[in-house]
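Asks: The following file, upload-v4.tsv, comprises TSV, C-alpha atoms and all ligand atoms:
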chain	number	residue	atom	x	y	z
A	127	MET	CA	-61.83	-156.22	45.39
A	128	ILE	CA	-62.24	-152.47	46.06
A	129	HIS	CA	-62.09	-149.92	43.22
A	130	GLU	CA	-61.93	-146.23	44.03
A	131	SER	CA	-62.87	-143.38	41.74
A	132	ARG	CA	-63.87	-139.74	42.11
A	133	ALA	CA	-67.32	-138.65	40.97
A	134	THR	CA	-67.20	-136.54	37.80
A	135	GLU	CA	-69.73	-135.42	35.21
A	136	VAL	CA	-68.82	-135.41	31.51
A	137	GLY	CA	-67.58	-131.82	31.22
A	138	VAL	CA	-68.65	-130.88	34.77
A	139	GLN	CA	-66.89	-131.69	38.04
A	140	LEU	CA	-69.32	-132.73	40.75
A	141	LYS	CA	-68.27	-132.30	44.36
A	142	ALA	CA	-68.74	-135.77	45.82
A	143	PRO	CA	-66.79	-138.13	48.07
A	144	MET	CA	-64.65	-140.96	46.70
A	145	VAL	CA	-66.73	-143.84	45.34
A	146	LYS	CA	-65.92	-147.23	46.90
A	147	SER	CA	-67.06	-150.34	45.09
A	148	HIS	CA	-67.10	-154.12	45.45
A	149	TYR	CA	-67.94	-154.58	41.76
A	150	ILE	CA	-66.78	-158.02	40.54
A	151	LEU	CA	-67.18	-157.88	36.73
A	152	PRO	CA	-64.69	-156.42	34.20
A	153	SER	CA	-65.02	-153.10	32.28
A	154	ASP	CA	-63.19	-154.00	29.06
A	155	ASP	CA	-63.98	-154.37	25.31
A	156	SER	CA	-65.39	-157.90	25.62
A	157	GLU	CA	-67.65	-156.65	28.44
A	158	ILE	CA	-69.00	-153.94	26.08
A	159	THR	CA	-69.98	-156.64	23.53
A	160	ARG	CA	-71.48	-158.83	26.26
A	161	LEU	CA	-73.56	-156.03	27.78
A	162	ASN	CA	-74.91	-154.87	24.42
A	163	LEU	CA	-75.98	-158.38	23.36
A	164	GLN	CA	-77.37	-158.98	26.83
A	165	ASN	CA	-79.51	-155.83	26.46
A	166	GLN	CA	-81.09	-157.23	23.28
A	167	LEU	CA	-81.81	-160.60	24.85
A	168	LEU	CA	-83.21	-159.26	28.15
A	169	THR	CA	-85.41	-156.70	26.38
A	170	ARG	CA	-86.76	-159.27	23.94
A	171	GLU	CA	-87.13	-162.30	26.21
A	172	VAL	CA	-87.68	-160.92	29.71
A	173	CYS	CA	-89.40	-157.56	29.06
A	174	ASP	CA	-91.70	-158.62	26.18
A	175	GLY	CA	-89.70	-156.38	23.81
A	176	LYS	CA	-90.26	-153.25	25.98
A	177	LEU	CA	-87.45	-151.04	27.27
A	178	ILE	CA	-89.84	-149.70	29.93
A	179	PHE	CA	-91.66	-152.65	31.43
A	180	ALA	CA	-93.17	-150.72	34.38
A	181	PRO	CA	-96.50	-149.01	33.57
A	182	ALA	CA	-94.87	-145.58	33.41
A	183	GLU	CA	-95.63	-142.93	30.80
A	184	LEU	CA	-93.21	-140.16	29.88
A	185	GLU	CA	-94.31	-136.61	29.08
A	186	HIS	CA	-92.41	-133.69	27.50
A	187	GLY	CA	-89.83	-132.19	29.86
A	188	GLU	CA	-89.58	-135.27	32.11
A	189	GLN	CA	-86.29	-136.94	33.04
A	190	VAL	CA	-85.04	-140.53	33.13
A	191	LEU	CA	-82.13	-141.87	35.22
A	192	GLU	CA	-80.23	-145.09	34.66
A	193	SER	CA	-78.13	-146.43	37.52
A	194	GLY	CA	-75.13	-148.63	36.64
A	195	THR	CA	-75.60	-147.61	32.99
A	196	GLY	CA	-72.46	-149.42	31.71
A	197	THR	CA	-72.33	-148.83	27.94
A	198	GLY	CA	-75.54	-146.77	28.15
A	199	ILE	CA	-77.22	-149.14	25.70
A	200	TRP	CA	-80.61	-149.07	27.47
A	201	LEU	CA	-80.66	-145.24	27.67
A	202	LEU	CA	-79.52	-144.78	24.08
A	203	SER	CA	-82.03	-147.33	22.73
A	204	LEU	CA	-84.83	-145.57	24.64
A	205	ALA	CA	-83.67	-142.09	23.57
A	206	GLU	CA	-84.01	-143.20	19.93
A	207	THR	CA	-87.69	-143.98	20.38
A	208	ILE	CA	-88.99	-140.92	22.25
A	209	PRO	CA	-88.99	-137.12	21.74
A	210	PRO	CA	-85.76	-135.17	22.50
A	211	THR	CA	-87.72	-133.03	25.01
A	212	ILE	CA	-87.16	-135.88	27.47
A	213	SER	CA	-83.71	-135.97	29.02
A	214	PHE	CA	-81.64	-138.94	30.13
A	215	THR	CA	-78.88	-139.29	32.70
A	216	GLY	CA	-76.74	-142.41	33.00
A	217	ILE	CA	-74.58	-142.88	36.08
A	218	ASP	CA	-71.87	-145.44	36.76
A	219	ILE	CA	-68.92	-145.76	39.10
A	220	HIS	CA	-66.69	-146.49	36.06
A	221	THR	CA	-66.45	-144.29	32.95
A	222	ARG	CA	-64.58	-146.88	30.84
A	223	LEU	CA	-67.77	-148.34	29.33
A	224	PHE	CA	-69.42	-144.96	28.61
A	225	PRO	CA	-70.20	-144.35	24.91
A	226	GLN	CA	-68.13	-141.73	23.07
A	227	GLU	CA	-71.03	-140.26	21.10
A	228	PHE	CA	-74.58	-139.57	22.26
A	229	PRO	CA	-77.41	-137.10	21.60
A	230	SER	CA	-77.51	-133.75	23.45
A	231	ASN	CA	-80.46	-134.79	25.65
A	232	VAL	CA	-78.32	-137.63	27.12
A	233	SER	CA	-75.56	-137.23	29.71
A	234	PHE	CA	-73.26	-139.66	31.51
A	235	ILE	CA	-71.91	-139.00	34.99
A	236	GLN	CA	-69.46	-140.89	37.16
A	237	ARG	CA	-71.36	-141.42	40.37
A	238	SER	CA	-72.48	-144.18	42.76
A	239	ILE	CA	-76.19	-144.87	43.14
A	240	THR	CA	-75.59	-144.89	46.90
A	241	ASN	CA	-74.76	-141.18	46.92
A	242	LEU	CA	-76.68	-138.97	44.48
A	243	PRO	CA	-76.51	-135.15	44.35
A	244	ALA	CA	-78.77	-133.32	46.82
A	245	GLU	CA	-80.21	-131.23	43.97
A	246	TRP	CA	-81.61	-134.37	42.27
A	247	THR	CA	-84.43	-134.75	44.84
A	248	GLU	CA	-87.76	-135.46	43.04
A	249	ARG	CA	-86.17	-135.02	39.59
A	250	PHE	CA	-86.75	-138.30	37.68
A	251	LYS	CA	-89.94	-139.92	36.38
A	252	ILE	CA	-88.25	-143.30	35.78
A	253	VAL	CA	-85.15	-144.90	37.29
A	254	ASN	CA	-83.85	-148.00	35.51
A	255	GLN	CA	-81.25	-150.25	37.12
A	256	ARG	CA	-80.08	-153.57	35.69
A	257	LEU	CA	-77.66	-156.19	37.00
A	258	LEU	CA	-76.26	-154.53	40.09
A	259	ILE	CA	-76.17	-157.98	41.75
A	260	GLY	CA	-72.41	-157.92	41.16
A	261	GLY	CA	-71.95	-154.43	42.60
A	262	LEU	CA	-73.95	-153.68	45.74
A	263	THR	CA	-73.62	-155.12	49.24
A	264	ARG	CA	-76.75	-155.61	51.39
A	265	LYS	CA	-76.12	-152.27	53.14
A	266	GLU	CA	-75.53	-150.52	49.79
A	267	TRP	CA	-78.78	-151.89	48.34
A	268	LYS	CA	-80.63	-150.27	51.26
A	269	LYS	CA	-78.91	-146.94	50.63
A	270	ALA	CA	-79.40	-147.23	46.83
A	271	ILE	CA	-83.15	-147.83	47.22
A	272	GLN	CA	-83.43	-144.86	49.58
A	273	GLU	CA	-81.56	-142.64	47.11
A	274	ILE	CA	-83.71	-143.83	44.18
A	275	HIS	CA	-86.86	-143.13	46.22
A	276	ARG	CA	-85.58	-139.62	46.99
A	277	VAL	CA	-84.74	-138.70	43.37
A	278	LEU	CA	-88.02	-140.03	41.88
A	279	VAL	CA	-90.89	-137.60	41.41
A	280	PRO	CA	-94.03	-138.61	43.34
A	281	GLY	CA	-95.78	-141.21	41.17
A	282	GLY	CA	-92.46	-142.05	39.41
A	283	TRP	CA	-91.33	-145.63	38.78
A	284	LEU	CA	-88.25	-147.74	39.57
A	285	GLN	CA	-87.55	-150.74	37.35
A	286	CYS	CA	-84.81	-153.26	38.19
A	287	ILE	CA	-83.74	-156.38	36.30
A	288	GLU	CA	-81.75	-159.05	38.11
A	289	PRO	CA	-80.99	-162.76	37.65
A	290	ASN	CA	-82.17	-165.41	40.10
A	291	ILE	CA	-79.11	-167.33	41.29
A	292	PRO	CA	-80.37	-170.80	42.27
A	293	LEU	CA	-79.38	-172.48	45.54
A	294	LYS	CA	-79.84	-175.90	43.93
A	295	THR	CA	-79.88	-176.64	40.19
A	296	ASP	CA	-80.78	-180.35	39.68
A	297	ILE	CA	-78.81	-180.29	36.40
A	298	GLY	CA	-75.64	-182.07	37.52
A	299	PRO	CA	-72.60	-181.86	39.83
A	300	HIS	CA	-70.55	-179.55	37.56
A	301	THR	CA	-73.39	-177.03	37.26
A	302	GLU	CA	-73.82	-177.20	41.06
A	303	ARG	CA	-70.11	-176.53	41.53
A	304	MET	CA	-70.05	-173.53	39.16
A	305	PHE	CA	-73.08	-171.93	40.81
A	306	ALA	CA	-71.58	-172.62	44.25
A	307	ALA	CA	-68.42	-170.75	43.13
A	308	VAL	CA	-70.58	-167.82	41.96
A	309	ARG	CA	-72.52	-167.70	45.25
A	310	ASP	CA	-69.24	-167.89	47.22
A	311	LEU	CA	-67.74	-165.09	45.11
A	312	LEU	CA	-70.77	-162.88	45.80
A	313	ALA	CA	-70.69	-163.74	49.52
A	314	LYS	CA	-66.94	-163.06	49.83
A	315	ASN	CA	-67.53	-159.59	48.39
A	316	GLY	CA	-70.50	-158.93	50.68
A	317	LEU	CA	-72.90	-159.11	47.69
A	318	VAL	CA	-76.44	-160.52	47.75
A	319	HIS	CA	-77.24	-163.68	45.70
A	320	ASP	CA	-81.03	-163.61	46.38
A	321	ILE	CA	-81.48	-159.98	45.42
A	322	VAL	CA	-84.85	-160.47	43.68
A	323	GLU	CA	-86.50	-161.54	46.96
A	324	VAL	CA	-84.60	-158.93	48.97
A	325	LEU	CA	-85.66	-156.17	46.56
A	326	GLY	CA	-89.36	-156.99	46.88
A	327	ARG	CA	-89.13	-156.66	50.70
A	328	LYS	CA	-86.86	-153.59	50.77
A	329	LEU	CA	-88.93	-151.61	48.24
A	330	SER	CA	-92.09	-151.97	50.32
A	331	LYS	CA	-90.19	-151.03	53.51
A	332	THR	CA	-88.77	-147.90	51.83
A	333	GLY	CA	-92.28	-146.61	51.08
A	334	PHE	CA	-92.71	-147.77	47.47
A	335	THR	CA	-96.16	-148.91	46.41
A	336	ASN	CA	-97.40	-151.20	43.59
A	337	VAL	CA	-94.34	-153.44	44.05
A	338	GLN	CA	-94.42	-156.12	41.32
A	339	THR	CA	-92.11	-158.95	40.24
A	340	HIS	CA	-92.25	-160.40	36.72
A	341	THR	CA	-90.12	-163.56	36.43
A	342	VAL	CA	-89.23	-165.33	33.19
A	343	SER	CA	-87.45	-168.66	32.90
A	344	LEU	CA	-85.27	-168.94	29.78
A	345	SER	CA	-83.98	-172.16	28.32
A	346	ALA	CA	-80.19	-172.52	28.27
A	347	HIS	CA	-80.22	-175.68	26.17
A	348	ARG	CA	-78.22	-175.67	22.93
A	349	HIS	CA	-79.92	-173.44	20.36
A	350	GLU	CA	-79.54	-172.67	16.65
A	351	GLU	CA	-79.43	-168.88	17.13
A	352	GLU	CA	-75.90	-167.47	17.23
A	353	PHE	CA	-76.36	-165.45	20.44
A	354	ASN	CA	-78.82	-167.01	22.86
A	355	HIS	CA	-79.40	-167.43	26.59
A	356	ARG	CA	-76.88	-170.26	26.78
A	357	THR	CA	-74.17	-168.04	25.25
A	358	LEU	CA	-75.12	-165.21	27.63
A	359	MET	CA	-74.74	-167.50	30.67
A	360	GLU	CA	-71.44	-168.87	29.32
A	361	TRP	CA	-70.11	-165.29	28.94
A	362	PHE	CA	-71.41	-164.40	32.39
A	363	PHE	CA	-69.34	-167.18	33.99
A	364	LEU	CA	-66.32	-166.20	31.88
A	365	ALA	CA	-66.68	-162.58	33.07
A	366	LEU	CA	-66.62	-163.86	36.67
A	367	LYS	CA	-63.54	-166.05	36.07
A	368	PRO	CA	-60.93	-163.50	37.24
A	369	GLY	CA	-62.86	-162.95	40.50
A	370	ILE	CA	-63.34	-166.69	41.05
A	371	LEU	CA	-59.61	-167.38	40.52
A	372	ALA	CA	-58.52	-164.36	42.61
A	373	GLN	CA	-60.60	-165.65	45.53
A	374	LYS	CA	-59.18	-169.18	44.94
A	375	LEU	CA	-62.70	-170.61	44.62
A	376	LEU	CA	-61.20	-172.63	41.76
A	377	GLN	CA	-57.45	-173.16	41.68
A	378	SER	CA	-56.42	-172.49	38.05
A	379	GLU	CA	-57.46	-171.44	34.52
A	380	GLU	CA	-57.38	-175.16	33.59
A	381	GLU	CA	-59.70	-176.13	36.44
A	382	PHE	CA	-62.10	-173.32	35.48
A	383	GLY	CA	-62.02	-174.33	31.77
A	384	GLU	CA	-62.62	-177.98	32.57
A	385	LEU	CA	-65.53	-177.16	34.89
A	386	MET	CA	-67.06	-174.89	32.27
A	387	GLN	CA	-66.84	-177.62	29.58
A	388	ASN	CA	-68.31	-180.26	31.87
A	389	MET	CA	-71.09	-177.90	32.96
A	390	LEU	CA	-72.05	-177.14	29.35
A	391	LYS	CA	-72.05	-180.87	28.59
A	392	GLU	CA	-74.57	-181.30	31.42
A	393	TRP	CA	-76.67	-178.54	29.84
A	394	ASP	CA	-76.54	-180.34	26.46
A	395	GLU	CA	-77.85	-183.47	28.14
A	396	SER	CA	-80.66	-181.64	30.01
A	397	PRO	CA	-83.39	-180.32	27.69
A	398	GLN	CA	-85.06	-178.75	30.78
A	399	VAL	CA	-82.04	-176.55	31.66
A	400	ALA	CA	-83.29	-172.99	32.25
A	401	TRP	CA	-82.33	-169.98	34.38
A	402	SER	CA	-84.66	-167.21	35.43
A	403	TRP	CA	-84.58	-163.42	35.42
A	404	SER	CA	-86.89	-160.95	37.15
A	405	VAL	CA	-88.06	-157.42	36.51
A	406	VAL	CA	-88.93	-155.87	39.86
A	407	TYR	CA	-90.78	-152.58	39.54
A	408	ALA	CA	-92.42	-150.24	42.01
A	409	GLN	CA	-93.93	-146.76	42.24
A	410	LYS	CA	-93.17	-143.85	44.55
A	411	ARG	CA	-96.41	-142.78	46.22
A	412	GLU	CA	-98.24	-139.84	44.64
A	413	ASN	CA	-98.26	-136.57	46.59
A	414	ASN	CA	-101.62	-136.18	48.26
A	415	VAL	CA	-101.15	-132.42	48.80
A	416	GLY	CA	-103.79	-131.59	46.14
A	417	THR	CA	-106.34	-133.87	47.78
A	418	ALA	CA	-105.59	-132.45	51.23
A	419	LYS	CA	-106.12	-128.85	50.02
A	420	PHE	CA	-109.37	-129.93	48.37
A	421	CYS	CA	-110.54	-131.39	51.68
A	422	ILE	CA	-109.66	-128.19	53.56
A	423	TYR	CA	-111.83	-126.09	51.25
A	424	MET	CA	-114.79	-128.53	51.38
B	501	LIG	C1	-73.40	-155.80	34.80
B	501	LIG	S1	-73.14	-154.12	34.42
B	501	LIG	C2	-74.75	-153.70	33.72
B	501	LIG	C3	-74.70	-152.47	32.85
B	501	LIG	C4	-76.06	-152.01	32.34
B	501	LIG	N1	-76.96	-151.76	33.45
B	501	LIG	C5	-76.67	-153.01	31.40
B	501	LIG	O1	-77.65	-153.66	31.76
B	501	LIG	O2	-76.16	-153.14	30.27
B	501	LIG	C6	-73.28	-153.30	36.01
B	501	LIG	C7	-72.79	-151.87	35.99
B	501	LIG	O3	-73.03	-151.32	37.29
B	501	LIG	C8	-71.93	-150.47	37.60
B	501	LIG	N2	-71.91	-150.25	39.07
B	501	LIG	C9	-71.41	-151.08	40.02
B	501	LIG	N3	-71.59	-150.53	41.26
B	501	LIG	C10	-72.21	-149.34	41.08
B	501	LIG	C11	-72.67	-148.30	41.95
B	501	LIG	N4	-72.49	-148.38	43.29
B	501	LIG	N5	-73.27	-147.22	41.42
B	501	LIG	C12	-73.45	-147.11	40.06
B	501	LIG	N6	-73.03	-148.05	39.19
B	501	LIG	C13	-72.43	-149.15	39.68
B	501	LIG	C14	-70.74	-151.20	37.04
B	501	LIG	O4	-69.61	-150.36	36.88
B	501	LIG	C15	-71.31	-151.73	35.71
B	501	LIG	O5	-71.09	-150.83	34.65
Have the structure of the file written as structure tokens, please.

Replies:
Amino acid sequence: MIHESRATEVGVQLKAPMVKSHYILPSDDSEITRLNLQNQLLTREVCDGKLIFAPAELEHGEQVLESGTGTGIWLLSLAETIPPTISFTGIDIHTRLFPQEFPSNVSFIQRSITNLPAEWTERFKIVNQRLLIGGLTRKEWKKAIQEIHRVLVPGGWLQCIEPNIPLKTDIGPHTERMFAAVRDLLAKNGLVHDIVEVLGRKLSKTGFTNVQTHTVSLSAHRHEEEFNHRTLMEWFFLALKPGILAQKLLQSEEEFGELMQNMLKEWDESPQVAWSWSVVYAQKRENNVGTAKFCIYM
């Protein structure tokens, strides 16, 4: 599935080539609800309640970039908690999920992370990117990481959050089948199911230092709370349904619905059912220019 869109800034036209994408999730009203609830759950359960999990500190005048910002919920939540002297830029290939109202130190731009403006070199202290597993091919991940490295200031931090898609689940045949359909959908679109492992390797190769992975396993067993990890996973599969049917990985709405019901029944019968998420974070090396000068004058 290829979407094409031209890069534009809210109010400003940026000269950039057409953006090509393999993105497999929808950009509609139900996706807005899903992403906003997902933000709450991931922040609370995976990031210990912190919007910035990496050990990065922001100072007046510094800038933050979010790649694949979607509804901008992460940026807007962070902007509420820190001084307006810090500015925020959210980029996304689609504008449909962008918020209508936001503070003046926040901007949203239609742009792919694989092709950032030349003038952004060494501009951002923090780059946040969540859930691009459904959007970037292996080659695009390489380019995205290079672009993120370029636009970070020396000493700046990248933080990514991605799910771990298991190769084997041990929960039951219906769960196996659903995850197999998800892995096939990713593969058919050239996307990477084991992105957490790939990220760790690629970040080090691109020159990042202090590469860390923090993985949390969350129960998906039935739970009292209205919105929980089980609901999030259920919505995730529902969001992938159009892609799964379009690729004929399941033959009909009925087959999908039946599989979903049977899978959730397996989850009800398996108190140990849990899926894991990882925060992968890494730092761009500090500039050693100051130290070198010091040595010259010694
Ligand atoms: C699953 S959503 C996550 C949104 C947001 N990061 C969050 O956590 O709420 C992924 C977003 O990445 C965007 N996206 C996909 N490919 C992209 C690319 N090449 N560059 C920038 N954004 C991209 C999609 O349009 C979508 O809004």

Asks: Considering all atoms listed in the file, return as an mmCIF file with C-alpha atoms, in the coordinates of the input whatever protein or nucleic-acid residues lie within 7 Å of segment 151-156 of chain A, sequence-local ones (same chain, fewer than 2 positions apart) excluded.

Replies:
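Okay, this is what ended up in out14.cif:
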data_model
loop_
_atom_site.group_PDB
_atom_site.id
_atom_site.type_symbol
_atom_site.label_atom_id
_atom_site.label_comp_id
_atom_site.auth_asym_id
_atom_site.auth_seq_id
_atom_site.Cartn_x
_atom_site.Cartn_y
_atom_site.Cartn_z
ATOM 1 C CA TYR A 149 -67.940 -154.580 41.760
ATOM 2 C CA ILE A 158 -69.000 -153.940 26.080
ATOM 3 C CA THR A 159 -69.980 -156.640 23.530
ATOM 4 C CA ARG A 160 -71.480 -158.830 26.260
ATOM 5 C CA ARG A 222 -64.580 -146.880 30.840
ATOM 6 C CA LEU A 223 -67.770 -148.340 29.330
ATOM 7 C CA GLY A 260 -72.410 -157.920 41.160
ATOM 8 C CA ALA A 365 -66.680 -162.580 33.070
ATOM 9 C CA LEU A 366 -66.620 -163.860 36.670
#

Asks: Which of these residues is nearest to Phe250 of chain A, using all atoms listed in the file: A:Glu192, A:Glu380, A:Asp310, A:Asp320?

Replies: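 Answer, going by the shortest atom-to-atom distance: A:Glu192.
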
Asks: Neighbours of segment 175-184 of chain A within 7 Å (only C-alpha atoms; same-chain residues fewer than 3 positions away dropped), as number ranges by chain?

Replies: A: 169-171, 188, 204, 283, 285, 407

Asks: Residues at most 8 Å from segment 389-406 of chain A, counting all atoms listed in the file, excluding those fewer than 3 positions away in the same chain, as number ranges by chain?

Replies: A: 172-173, 179, 285-290, 297-298, 300-301, 304, 322, 325-326, 337-348, 385-386

Asks: Please write the residues from the selection above to a file, keeping C-alpha atoms, as a JSON list (two decimals), in the coordinates of the input.

Replies:
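Generated output (selection-v7.json):
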[["chain", "number", "residue", "atom", "x", "y", "z"],
["A", 172, "VAL", "CA", -87.68, -160.92, 29.71],
["A", 173, "CYS", "CA", -89.40, -157.56, 29.06],
["A", 179, "PHE", "CA", -91.66, -152.65, 31.43],
["A", 285, "GLN", "CA", -87.55, -150.74, 37.35],
["A", 286, "CYS", "CA", -84.81, -153.26, 38.19],
["A", 287, "ILE", "CA", -83.74, -156.38, 36.30],
["A", 288, "GLU", "CA", -81.75, -159.05, 38.11],
["A", 289, "PRO", "CA", -80.99, -162.76, 37.65],
["A", 290, "ASN", "CA", -82.17, -165.41, 40.10],
["A", 297, "ILE", "CA", -78.81, -180.29, 36.40],
["A", 298, "GLY", "CA", -75.64, -182.07, 37.52],
["A", 300, "HIS", "CA", -70.55, -179.55, 37.56],
["A", 301, "THR", "CA", -73.39, -177.03, 37.26],
["A", 304, "MET", "CA", -70.05, -173.53, 39.16],
["A", 322, "VAL", "CA", -84.85, -160.47, 43.68],
["A", 325, "LEU", "CA", -85.66, -156.17, 46.56],
["A", 326, "GLY", "CA", -89.36, -156.99, 46.88],
["A", 337, "VAL", "CA", -94.34, -153.44, 44.05],
["A", 338, "GLN", "CA", -94.42, -156.12, 41.32],
["A", 339, "THR", "CA", -92.11, -158.95, 40.24],
["A", 340, "HIS", "CA", -92.25, -160.40, 36.72],
["A", 341, "THR", "CA", -90.12, -163.56, 36.43],
["A", 342, "VAL", "CA", -89.23, -165.33, 33.19],
["A", 343, "SER", "CA", -87.45, -168.66, 32.90],
["A", 344, "LEU", "CA", -85.27, -168.94, 29.78],
["A", 345, "SER", "CA", -83.98, -172.16, 28.32],
["A", 346, "ALA", "CA", -80.19, -172.52, 28.27],
["A", 347, "HIS", "CA", -80.22, -175.68, 26.17],
["A", 348, "ARG", "CA", -78.22, -175.67, 22.93],
["A", 385, "LEU", "CA", -65.53, -177.16, 34.89],
["A", 386, "MET", "CA", -67.06, -174.89, 32.27]]

Asks: Compare A:Asn388, A:Thr197, A:Gln272, A:Gln189 by their minimum atom-to-atom distance to Glu227 of chain A, counting all atoms listed in the file, and give me the closest one.

Replies: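 Selected residue with least distance to Glu227 of chain A: A:Thr197.
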
Asks: Hey, could you make a per-residue contact list for chain A against ligand LIG 501 (chain B) with 9 Å as the cut-off, showing the nearest pair of atoms and its distance in Å to one decimal, counting all atoms listed in the file, sorted by chain and number, as JSON lines?

Replies:
{"residue": "A:Val145", "atom": "CA", "partner": "B:LIG501", "partner_atom": "N4", "distance": 7.6}
{"residue": "A:Lys146", "atom": "CA", "partner": "B:LIG501", "partner_atom": "N4", "distance": 7.6}
{"residue": "A:Ser147", "atom": "CA", "partner": "B:LIG501", "partner_atom": "N3", "distance": 5.9}
{"residue": "A:His148", "atom": "CA", "partner": "B:LIG501", "partner_atom": "N3", "distance": 7.1}
{"residue": "A:Tyr149", "atom": "CA", "partner": "B:LIG501", "partner_atom": "C9", "distance": 5.2}
{"residue": "A:Ile150", "atom": "CA", "partner": "B:LIG501", "partner_atom": "C9", "distance": 8.4}
{"residue": "A:Leu151", "atom": "CA", "partner": "B:LIG501", "partner_atom": "C1", "distance": 6.8}
{"residue": "A:Pro152", "atom": "CA", "partner": "B:LIG501", "partner_atom": "C15", "distance": 8.3}
{"residue": "A:Ser153", "atom": "CA", "partner": "B:LIG501", "partner_atom": "O5", "distance": 6.9}
{"residue": "A:Glu157", "atom": "CA", "partner": "B:LIG501", "partner_atom": "S1", "distance": 8.5}
{"residue": "A:Ile158", "atom": "CA", "partner": "B:LIG501", "partner_atom": "O2", "distance": 8.3}
{"residue": "A:Arg160", "atom": "CA", "partner": "B:LIG501", "partner_atom": "O2", "distance": 8.4}
{"residue": "A:Leu161", "atom": "CA", "partner": "B:LIG501", "partner_atom": "O2", "distance": 4.6}
{"residue": "A:Asn162", "atom": "CA", "partner": "B:LIG501", "partner_atom": "O2", "distance": 6.2}
{"residue": "A:Leu163", "atom": "CA", "partner": "B:LIG501", "partner_atom": "O2", "distance": 8.7}
{"residue": "A:Gln164", "atom": "CA", "partner": "B:LIG501", "partner_atom": "O2", "distance": 6.9}
{"residue": "A:Asn165", "atom": "CA", "partner": "B:LIG501", "partner_atom": "O2", "distance": 5.7}
{"residue": "A:Leu168", "atom": "CA", "partner": "B:LIG501", "partner_atom": "O1", "distance": 8.7}
{"residue": "A:Glu192", "atom": "CA", "partner": "B:LIG501", "partner_atom": "N1", "distance": 7.5}
{"residue": "A:Ser193", "atom": "CA", "partner": "B:LIG501", "partner_atom": "C12", "distance": 5.4}
{"residue": "A:Gly194", "atom": "CA", "partner": "B:LIG501", "partner_atom": "N6", "distance": 3.4}
{"residue": "A:Thr195", "atom": "CA", "partner": "B:LIG501", "partner_atom": "N1", "distance": 4.4}
{"residue": "A:Gly196", "atom": "CA", "partner": "B:LIG501", "partner_atom": "O5", "distance": 3.5}
{"residue": "A:Thr197", "atom": "CA", "partner": "B:LIG501", "partner_atom": "O2", "distance": 6.2}
{"residue": "A:Gly198", "atom": "CA", "partner": "B:LIG501", "partner_atom": "C4", "distance": 6.7}
{"residue": "A:Ile199", "atom": "CA", "partner": "B:LIG501", "partner_atom": "O2", "distance": 6.2}
{"residue": "A:Trp200", "atom": "CA", "partner": "B:LIG501", "partner_atom": "O2", "distance": 6.6}
{"residue": "A:Ile217", "atom": "CA", "partner": "B:LIG501", "partner_atom": "C12", "distance": 5.9}
{"residue": "A:Asp218", "atom": "CA", "partner": "B:LIG501", "partner_atom": "N6", "distance": 3.8}
{"residue": "A:Ile219", "atom": "CA", "partner": "B:LIG501", "partner_atom": "N6", "distance": 4.7}
{"residue": "A:His220", "atom": "CA", "partner": "B:LIG501", "partner_atom": "O4", "distance": 4.9}
{"residue": "A:Thr221", "atom": "CA", "partner": "B:LIG501", "partner_atom": "O4", "distance": 7.9}
{"residue": "A:Arg222", "atom": "CA", "partner": "B:LIG501", "partner_atom": "O5", "distance": 8.5}
{"residue": "A:Leu223", "atom": "CA", "partner": "B:LIG501", "partner_atom": "O5", "distance": 6.7}
{"residue": "A:Phe224", "atom": "CA", "partner": "B:LIG501", "partner_atom": "O5", "distance": 8.6}
{"residue": "A:Gln236", "atom": "CA", "partner": "B:LIG501", "partner_atom": "C12", "distance": 7.9}
{"residue": "A:Arg237", "atom": "CA", "partner": "B:LIG501", "partner_atom": "C12", "distance": 6.1}
{"residue": "A:Ser238", "atom": "CA", "partner": "B:LIG501", "partner_atom": "N5", "distance": 3.4}
{"residue": "A:Ile239", "atom": "CA", "partner": "B:LIG501", "partner_atom": "N5", "distance": 4.1}
{"residue": "A:Thr240", "atom": "CA", "partner": "B:LIG501", "partner_atom": "N4", "distance": 5.9}
{"residue": "A:Asn241", "atom": "CA", "partner": "B:LIG501", "partner_atom": "N5", "distance": 8.3}
{"residue": "A:Asn254", "atom": "CA", "partner": "B:LIG501", "partner_atom": "N1", "distance": 8.1}
{"residue": "A:Gln255", "atom": "CA", "partner": "B:LIG501", "partner_atom": "N1", "distance": 5.8}
{"residue": "A:Arg256", "atom": "CA", "partner": "B:LIG501", "partner_atom": "N1", "distance": 4.2}
{"residue": "A:Leu257", "atom": "CA", "partner": "B:LIG501", "partner_atom": "C1", "distance": 4.8}
{"residue": "A:Leu258", "atom": "CA", "partner": "B:LIG501", "partner_atom": "C6", "distance": 5.2}
{"residue": "A:Ile259", "atom": "CA", "partner": "B:LIG501", "partner_atom": "C1", "distance": 7.8}
{"residue": "A:Gly260", "atom": "CA", "partner": "B:LIG501", "partner_atom": "C1", "distance": 6.8}
{"residue": "A:Gly261", "atom": "CA", "partner": "B:LIG501", "partner_atom": "N3", "distance": 4.1}
{"residue": "A:Leu262", "atom": "CA", "partner": "B:LIG501", "partner_atom": "N3", "distance": 6.0}
{"residue": "A:Glu266", "atom": "CA", "partner": "B:LIG501", "partner_atom": "N4", "distance": 7.5}
{"residue": "A:Trp267", "atom": "CA", "partner": "B:LIG501", "partner_atom": "N4", "distance": 8.8}
{"residue": "A:Ala270", "atom": "CA", "partner": "B:LIG501", "partner_atom": "N4", "distance": 7.8}
{"residue": "A:Ile287", "atom": "CA", "partner": "B:LIG501", "partner_atom": "O1", "distance": 8.1}

Asks: Could you tell me which of A:Glu185, A:Glu206, A:Glu350, A:Glu302 comes closest to Asn231 of chain A if we count all atoms listed in the file?

Replies: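 Looking only at the distances to Asn231 of chain A, the closest residue turns out to be A:Glu206.
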